[in-house]
Amino acid sequence: MTLLLILIVNVVLMFGLVVFFGAPYLPTFNKQTETALDLLALAPGHTLLELGSGDGKVLVASAKRGIKSVGYELNPILFIYSWLRTRKYSGLVKVVWGNYWHKEWPVTDGIYVFLLDKYMKKLDKTIVQKYPSKSIKLVSFAFKIPGKKSVKTKQGLHLYIYGN
Ligand SMILES: C[S@@+](CC[C@H](N)C(=O)[O-])C[C@H]1O[C@@H](n2cnc3c(N)ncnc32)[C@H](O)[C@@H]1O
């Protein structure tokens with residue numbers, strides 16, 4: 001009984017504590033996942049970076065389109081789950097456990113996020129800082145980049161272009 005309680009407390013903590021670093025776990029719907037990839041319009045061989053990759057749904061959907069992807073996930077349970085889920089796409093998908101604010105971000109063609117409003121300004125600054133001379137497409141579910149005009153909005157997904 002005590003072990004079960006400890007287990008439950010740990011699971012609750014793993015899902016709850018992420019709110020201090022980013023958005024809590026809430027997966028993008030299937031329809032929006034496909035629309036996000038349509039908006040990013042990446043070609044096979046291009047790379048997608050997902051900040052907070054959750055259960056790996058977007059990573060799998062992009063692999064099915066031949067797109068390479070890197071996902072960062074802080075919650076260890078979701079990291080393990082998504083690692084297992086994406087194993088058969090291991091040539092295309094890489095899942096990394098950790099806090100994306102403190103990780104090296106790979107060279108990428110597109111970024112997908114489902115964050116919270118309070119992190120959008122920081123995201124904007126970080127993209128500009130990390131990719132000063134690269135053209136990057138960003139799709140954000142639900143939340144907008146303050147002061148930046150989106151190129152397109154569809155089903156609550158906002159597309160932004162950085163760089164030239
Ligand atoms: C709203 S969910 C979105 C999940 C996935 N991107 C999707 O759209 O289906 C946000 C995810 O980001 C993870 N997360 C939050 N802050 C993070 C951080 N600083 N570094 C890595 N992952 C983080 C959470 O654990 C959660 O799985």
# chains A, B, ... in the order shown; residues from 1 in each chain; ligands from 1
call {"tool": "residues_around", "arguments": {"residues": "stretch 61-70 of chain A", "least_positions_apart": "2", "cutoff": "12 Å", "atoms": "only C-alpha atoms", "output": "PDB file with C-alpha atoms, in the first residue's frame"}}
result
ATOM      1  CA  THR A  28      -2.367  17.893 -29.763  1.00  0.00           C
ATOM      2  CA  PHE A  29      -5.474  16.363 -31.385  1.00  0.00           C
ATOM      3  CA  ASN A  30      -4.888  14.050 -34.381  1.00  0.00           C
ATOM      4  CA  LYS A  31      -6.509  16.478 -36.826  1.00  0.00           C
ATOM      5  CA  GLN A  32      -4.373  19.401 -35.627  1.00  0.00           C
ATOM      6  CA  THR A  33      -1.234  17.242 -35.726  1.00  0.00           C
ATOM      7  CA  GLU A  34      -1.693  16.705 -39.451  1.00  0.00           C
ATOM      8  CA  THR A  35      -2.619  20.369 -40.010  1.00  0.00           C
ATOM      9  CA  ALA A  36       0.499  21.487 -38.120  1.00  0.00           C
ATOM     10  CA  LEU A  37       2.646  19.353 -40.423  1.00  0.00           C
ATOM     11  CA  ASP A  38       0.770  20.670 -43.477  1.00  0.00           C
ATOM     12  CA  LEU A  40       5.147  23.520 -41.760  1.00  0.00           C
ATOM     13  CA  ALA A  41       5.274  21.941 -45.235  1.00  0.00           C
ATOM     14  CA  LEU A  42       8.606  20.249 -44.607  1.00  0.00           C
ATOM     15  CA  ALA A  43       9.970  17.926 -47.264  1.00  0.00           C
ATOM     16  CA  PRO A  44      11.299  14.407 -46.645  1.00  0.00           C
ATOM     17  CA  GLY A  45      14.815  14.774 -45.243  1.00  0.00           C
ATOM     18  CA  HIS A  46      14.034  18.070 -43.540  1.00  0.00           C
ATOM     19  CA  THR A  47      14.225  18.269 -39.746  1.00  0.00           C
ATOM     20  CA  LEU A  48      11.507  19.179 -37.253  1.00  0.00           C
ATOM     21  CA  LEU A  49      12.274  20.155 -33.668  1.00  0.00           C
ATOM     22  CA  GLU A  50       9.485  19.608 -31.151  1.00  0.00           C
ATOM     23  CA  LEU A  51       9.840  21.367 -27.814  1.00  0.00           C
ATOM     24  CA  GLY A  52       7.993  19.244 -25.279  1.00  0.00           C
ATOM     25  CA  SER A  53       7.260  16.185 -27.396  1.00  0.00           C
ATOM     26  CA  ASP A  55       3.704  11.083 -25.988  1.00  0.00           C
ATOM     27  CA  GLY A  56       5.554  11.266 -29.326  1.00  0.00           C
ATOM     28  CA  LYS A  57       2.452  11.664 -31.485  1.00  0.00           C
ATOM     29  CA  VAL A  58       3.824  14.525 -33.606  1.00  0.00           C
ATOM     30  CA  LEU A  59       7.179  12.755 -33.975  1.00  0.00           C
ATOM     31  CA  TYR A  72      12.729  17.132 -26.120  1.00  0.00           C
ATOM     32  CA  GLU A  73      10.633  15.872 -23.235  1.00  0.00           C
ATOM     33  CA  SER A  82       7.585   8.152 -26.600  1.00  0.00           C
ATOM     34  CA  TRP A  83      11.018   6.552 -26.948  1.00  0.00           C
ATOM     35  CA  ARG A  85       6.632   4.397 -29.422  1.00  0.00           C
ATOM     36  CA  THR A  86       9.110   5.900 -31.892  1.00  0.00           C
ATOM     37  CA  ARG A  87      11.664   3.049 -31.799  1.00  0.00           C
ATOM     38  CA  LYS A  88      10.605   1.674 -35.177  1.00  0.00           C
ATOM     39  CA  TYR A  89      11.335   5.097 -36.687  1.00  0.00           C
ATOM     40  CA  SER A  90      14.727   5.313 -34.978  1.00  0.00           C
ATOM     41  CA  GLY A  91      16.431   6.383 -38.224  1.00  0.00           C
ATOM     42  CA  LEU A  92      14.152   9.411 -38.390  1.00  0.00           C
ATOM     43  CA  VAL A  93      13.142  10.194 -34.802  1.00  0.00           C
ATOM     44  CA  LYS A  94      15.318  11.135 -31.846  1.00  0.00           C
ATOM     45  CA  VAL A  95      13.746  11.719 -28.436  1.00  0.00           C
ATOM     46  CA  VAL A  96      15.859  13.437 -25.809  1.00  0.00           C
ATOM     47  CA  TRP A  97      15.080  13.553 -22.106  1.00  0.00           C
ATOM     48  CA  TYR A 100      14.613  22.213 -23.758  1.00  0.00           C
ATOM     49  CA  LYS A 103      19.582  21.939 -24.287  1.00  0.00           C
ATOM     50  CA  GLU A 104      21.483  22.537 -27.510  1.00  0.00           C
ATOM     51  CA  TRP A 105      18.842  22.937 -30.238  1.00  0.00           C
ATOM     52  CA  PRO A 106      19.741  21.065 -33.447  1.00  0.00           C
ATOM     53  CA  VAL A 107      19.928  22.617 -36.881  1.00  0.00           C
ATOM     54  CA  THR A 108      16.313  22.466 -37.974  1.00  0.00           C
ATOM     55  CA  ASP A 109      13.907  23.577 -40.673  1.00  0.00           C
ATOM     56  CA  GLY A 110      10.809  23.745 -38.501  1.00  0.00           C
ATOM     57  CA  ILE A 111       9.744  23.895 -34.877  1.00  0.00           C
ATOM     58  CA  TYR A 112       6.488  22.699 -33.350  1.00  0.00           C
TER      59      TYR A 112
END
call {"tool": "closest_atom_pairs", "arguments": {"of": "chain A", "to": "ligand 1", "cutoff": "6 Å", "atoms": "only C-alpha atoms and all ligand atoms", "output": "CSV"}}
result
residue,atom,partner,partner_atom_place_in_ligand_line,distance
A:Val18,CA,ligand 1,15 (C),5.1
A:Phe21,CA,ligand 1,19 (N),4.2
A:Gly22,CA,ligand 1,16 (N),3.2
A:Ala23,CA,ligand 1,15 (C),4.4
A:Pro24,CA,ligand 1,24 (C),4.8
A:Tyr25,CA,ligand 1,26 (C),3.7
A:Leu26,CA,ligand 1,1 (C),4.2
A:Pro27,CA,ligand 1,9 (O),3.3
A:Thr28,CA,ligand 1,9 (O),4.0
A:Gly52,CA,ligand 1,12 (O),3.2
A:Ser53,CA,ligand 1,6 (N),4.1
A:Gly54,CA,ligand 1,27 (O),3.3
A:Lys57,CA,ligand 1,9 (O),5.9
A:Tyr72,CA,ligand 1,21 (C),5.1
A:Glu73,CA,ligand 1,22 (N),3.7
A:Leu74,CA,ligand 1,21 (C),3.9
A:Asn75,CA,ligand 1,25 (O),4.7
A:Gly98,CA,ligand 1,21 (C),5.5
A:Asn99,CA,ligand 1,20 (N),3.4
A:Tyr100,CA,ligand 1,20 (N),4.2
A:Trp101,CA,ligand 1,19 (N),5.7
A:Val113,CA,ligand 1,6 (N),5.7
A:Phe114,CA,ligand 1,1 (C),4.9
A:Leu115,CA,ligand 1,1 (C),5.6
call {"tool": "select_by_dssp", "arguments": {"residues": "chain A", "states": "helix (DSSP H, G or I)", "output": "PyMOL selection string"}}
result
chain A and resi 2-20+30-40+57-64+76-85+87-89+100-102+117-130
call {"tool": "write_last_selection", "arguments": {"atoms": "C-alpha atoms", "output": "mmCIF file, in the first residue's frame"}}
result
data_model
loop_
_atom_site.group_PDB
_atom_site.id
_atom_site.type_symbol
_atom_site.label_atom_id
_atom_site.label_comp_id
_atom_site.auth_asym_id
_atom_site.auth_seq_id
_atom_site.Cartn_x
_atom_site.Cartn_y
_atom_site.Cartn_z
ATOM 1 C CA THR A 2 2.817 2.421 0.966
ATOM 2 C CA LEU A 3 4.706 1.513 -2.212
ATOM 3 C CA LEU A 4 1.614 2.198 -4.310
ATOM 4 C CA LEU A 5 1.165 5.562 -2.603
ATOM 5 C CA ILE A 6 4.816 6.493 -3.236
ATOM 6 C CA LEU A 7 4.378 5.463 -6.876
ATOM 7 C CA ILE A 8 1.221 7.575 -7.280
ATOM 8 C CA VAL A 9 2.864 10.607 -5.612
ATOM 9 C CA ASN A 10 5.879 10.280 -7.939
ATOM 10 C CA VAL A 11 3.732 10.033 -11.062
ATOM 11 C CA VAL A 12 1.681 13.066 -9.979
ATOM 12 C CA LEU A 13 4.909 14.991 -9.312
ATOM 13 C CA MET A 14 6.395 14.075 -12.712
ATOM 14 C CA PHE A 15 3.317 15.363 -14.526
ATOM 15 C CA GLY A 16 2.790 18.337 -12.195
ATOM 16 C CA LEU A 17 6.287 19.743 -11.752
ATOM 17 C CA VAL A 18 6.770 20.480 -15.468
ATOM 18 C CA VAL A 19 4.532 23.556 -15.102
ATOM 19 C CA PHE A 20 7.553 25.327 -13.592
ATOM 20 C CA ASN A 30 -4.888 14.050 -34.381
ATOM 21 C CA LYS A 31 -6.509 16.478 -36.826
ATOM 22 C CA GLN A 32 -4.373 19.401 -35.627
ATOM 23 C CA THR A 33 -1.234 17.242 -35.726
ATOM 24 C CA GLU A 34 -1.693 16.705 -39.451
ATOM 25 C CA THR A 35 -2.619 20.369 -40.010
ATOM 26 C CA ALA A 36 0.499 21.487 -38.120
ATOM 27 C CA LEU A 37 2.646 19.353 -40.423
ATOM 28 C CA ASP A 38 0.770 20.670 -43.477
ATOM 29 C CA LEU A 39 1.461 24.259 -42.352
ATOM 30 C CA LEU A 40 5.147 23.520 -41.760
ATOM 31 C CA LYS A 57 2.452 11.664 -31.485
ATOM 32 C CA VAL A 58 3.824 14.525 -33.606
ATOM 33 C CA LEU A 59 7.179 12.755 -33.975
ATOM 34 C CA VAL A 60 5.456 9.633 -35.337
ATOM 35 C CA ALA A 61 3.264 11.662 -37.704
ATOM 36 C CA SER A 62 6.294 13.489 -39.086
ATOM 37 C CA ALA A 63 8.266 10.240 -39.498
ATOM 38 C CA LYS A 64 5.371 8.860 -41.556
ATOM 39 C CA PRO A 76 10.511 10.817 -17.673
ATOM 40 C CA ILE A 77 7.354 8.726 -18.077
ATOM 41 C CA LEU A 78 6.450 10.455 -21.343
ATOM 42 C CA PHE A 79 10.065 10.315 -22.462
ATOM 43 C CA ILE A 80 10.190 6.513 -22.008
ATOM 44 C CA TYR A 81 6.732 6.049 -23.539
ATOM 45 C CA SER A 82 7.585 8.152 -26.600
ATOM 46 C CA TRP A 83 11.018 6.552 -26.948
ATOM 47 C CA LEU A 84 9.367 3.121 -27.091
ATOM 48 C CA ARG A 85 6.632 4.397 -29.422
ATOM 49 C CA ARG A 87 11.664 3.049 -31.799
ATOM 50 C CA LYS A 88 10.605 1.674 -35.177
ATOM 51 C CA TYR A 89 11.335 5.097 -36.687
ATOM 52 C CA TYR A 100 14.613 22.213 -23.758
ATOM 53 C CA TRP A 101 15.499 25.639 -22.369
ATOM 54 C CA HIS A 102 18.856 24.171 -21.294
ATOM 55 C CA ASP A 117 1.181 32.038 -23.189
ATOM 56 C CA LYS A 118 3.789 32.998 -20.592
ATOM 57 C CA TYR A 119 6.574 31.159 -22.484
ATOM 58 C CA MET A 120 5.899 32.609 -25.959
ATOM 59 C CA LYS A 121 8.087 35.731 -25.627
ATOM 60 C CA LYS A 122 10.969 33.627 -24.313
ATOM 61 C CA LEU A 123 10.480 31.202 -27.212
ATOM 62 C CA ASP A 124 10.609 34.063 -29.722
ATOM 63 C CA LYS A 125 13.840 35.456 -28.251
ATOM 64 C CA THR A 126 15.429 32.001 -28.063
ATOM 65 C CA ILE A 127 14.677 31.191 -31.722
ATOM 66 C CA VAL A 128 16.161 34.527 -32.866
ATOM 67 C CA GLN A 129 19.230 33.951 -30.680
ATOM 68 C CA LYS A 130 19.813 30.306 -31.635
#
call {"tool": "select_by_dssp", "arguments": {"residues": "stretch 4-129 of chain A", "states": "strand (DSSP E)", "output": "PyMOL selection string"}}
result
chain A and resi 47-51+68-73+93-97+110-113
call {"tool": "write_last_selection", "arguments": {"atoms": "N, CA and C atoms", "output": "tab-separated table (two decimals), in the first residue's frame"}}
result
chain	number	residue	atom	x	y	z
A	47	THR	N	14.27	18.58	-41.18
A	47	THR	CA	14.22	18.27	-39.75
A	47	THR	C	13.21	19.14	-39.02
A	48	LEU	N	12.47	18.49	-38.12
A	48	LEU	CA	11.51	19.18	-37.25
A	48	LEU	C	11.98	19.05	-35.81
A	49	LEU	N	11.96	20.17	-35.10
A	49	LEU	CA	12.27	20.16	-33.67
A	49	LEU	C	10.97	20.34	-32.91
A	50	GLU	N	10.70	19.45	-31.97
A	50	GLU	CA	9.49	19.61	-31.15
A	50	GLU	C	9.90	19.86	-29.70
A	51	LEU	N	9.49	20.99	-29.19
A	51	LEU	CA	9.84	21.37	-27.81
A	51	LEU	C	8.73	20.89	-26.88
A	68	LYS	N	12.61	14.04	-40.64
A	68	LYS	CA	13.41	13.72	-39.45
A	68	LYS	C	12.92	14.59	-38.29
A	69	SER	N	12.97	14.07	-37.09
A	69	SER	CA	12.54	14.93	-35.98
A	69	SER	C	13.35	14.67	-34.72
A	70	VAL	N	13.43	15.73	-33.92
A	70	VAL	CA	14.07	15.67	-32.61
A	70	VAL	C	13.06	16.22	-31.62
A	71	GLY	N	12.76	15.44	-30.59
A	71	GLY	CA	11.81	15.90	-29.57
A	71	GLY	C	12.48	15.95	-28.22
A	72	TYR	N	12.24	17.03	-27.50
A	72	TYR	CA	12.73	17.13	-26.12
A	72	TYR	C	11.56	16.95	-25.18
A	73	GLU	N	11.72	16.10	-24.19
A	73	GLU	CA	10.63	15.87	-23.23
A	73	GLU	C	11.21	15.75	-21.83
A	93	VAL	N	13.57	9.51	-36.04
A	93	VAL	CA	13.14	10.19	-34.80
A	93	VAL	C	14.19	10.05	-33.69
A	94	LYS	N	14.45	11.17	-33.03
A	94	LYS	CA	15.32	11.13	-31.85
A	94	LYS	C	14.56	11.81	-30.70
A	95	VAL	N	14.40	11.12	-29.60
A	95	VAL	CA	13.75	11.72	-28.44
A	95	VAL	C	14.81	11.92	-27.36
A	96	VAL	N	14.84	13.10	-26.80
A	96	VAL	CA	15.86	13.44	-25.81
A	96	VAL	C	15.16	13.80	-24.50
A	97	TRP	N	15.64	13.24	-23.41
A	97	TRP	CA	15.08	13.55	-22.11
A	97	TRP	C	15.75	14.82	-21.56
A	110	GLY	N	12.09	23.36	-39.10
A	110	GLY	CA	10.81	23.74	-38.50
A	110	GLY	C	10.77	23.41	-37.03
A	111	ILE	N	9.91	24.13	-36.32
A	111	ILE	CA	9.74	23.89	-34.88
A	111	ILE	C	8.25	23.77	-34.61
A	112	TYR	N	7.89	22.81	-33.78
A	112	TYR	CA	6.49	22.70	-33.35
A	112	TYR	C	6.41	22.81	-31.83
A	113	VAL	N	5.48	23.63	-31.36
A	113	VAL	CA	5.30	23.80	-29.91
A	113	VAL	C	3.82	23.84	-29.54
call {"tool": "atom_distance", "arguments": {"atom1": "atom CA of A:Pro132", "atom2": "atom CA of A:Leu116"}}
result
24.0 Å
call {"tool": "residues_around", "arguments": {"residues": "A:Lys144", "least_positions_apart": "3", "cutoff": "9 Å", "atoms": "only C-alpha atoms", "output": "MDAnalysis selection string"}}
result
chainID A and resid 117 120 140:141 147:150 157:158
call {"tool": "write_last_selection", "arguments": {"atoms": "N, CA and C atoms", "output": "compact mmCIF listing (two decimals), in the first residue's frame"}}
result
# COMPACT_ATOMS: atom_id res chain seq x y z
N ASP A 117 1.00 30.64 -22.83
CA ASP A 117 1.18 32.04 -23.19
C ASP A 117 2.44 32.65 -22.57
N MET A 120 5.80 32.30 -24.54
CA MET A 120 5.90 32.61 -25.96
C MET A 120 6.95 33.68 -26.28
N SER A 140 2.85 27.07 -33.73
CA SER A 140 2.47 27.04 -32.33
C SER A 140 0.98 26.75 -32.21
N PHE A 141 0.67 25.76 -31.40
CA PHE A 141 -0.74 25.44 -31.17
C PHE A 141 -1.27 26.33 -30.05
N GLY A 147 3.50 40.30 -30.55
CA GLY A 147 4.14 41.30 -31.41
C GLY A 147 4.65 40.77 -32.73
N LYS A 148 4.42 39.52 -33.05
CA LYS A 148 4.87 38.99 -34.34
C LYS A 148 3.65 38.52 -35.14
N LYS A 149 3.66 38.91 -36.41
CA LYS A 149 2.49 38.58 -37.24
C LYS A 149 2.62 37.15 -37.77
N SER A 150 1.56 36.39 -37.59
CA SER A 150 1.60 35.02 -38.12
C SER A 150 1.37 35.06 -39.63
N LEU A 157 -3.83 26.79 -35.01
CA LEU A 157 -2.37 26.63 -35.18
C LEU A 157 -1.84 27.87 -35.88
N HIS A 158 -0.78 28.47 -35.33
CA HIS A 158 -0.23 29.70 -35.88
C HIS A 158 1.14 29.42 -36.52
call {"tool": "atom_distance", "arguments": {"atom1": "atom CA of A:Tyr131", "atom2": "atom CA of A:Lys152"}}
result
21.3 Å
call {"tool": "closest_residue", "arguments": {"among": "A:Ile136, A:Ile145, A:Val151, A:Met1", "to": "A:Asn164", "atoms": "only C-alpha atoms"}}
result
A:Ile136
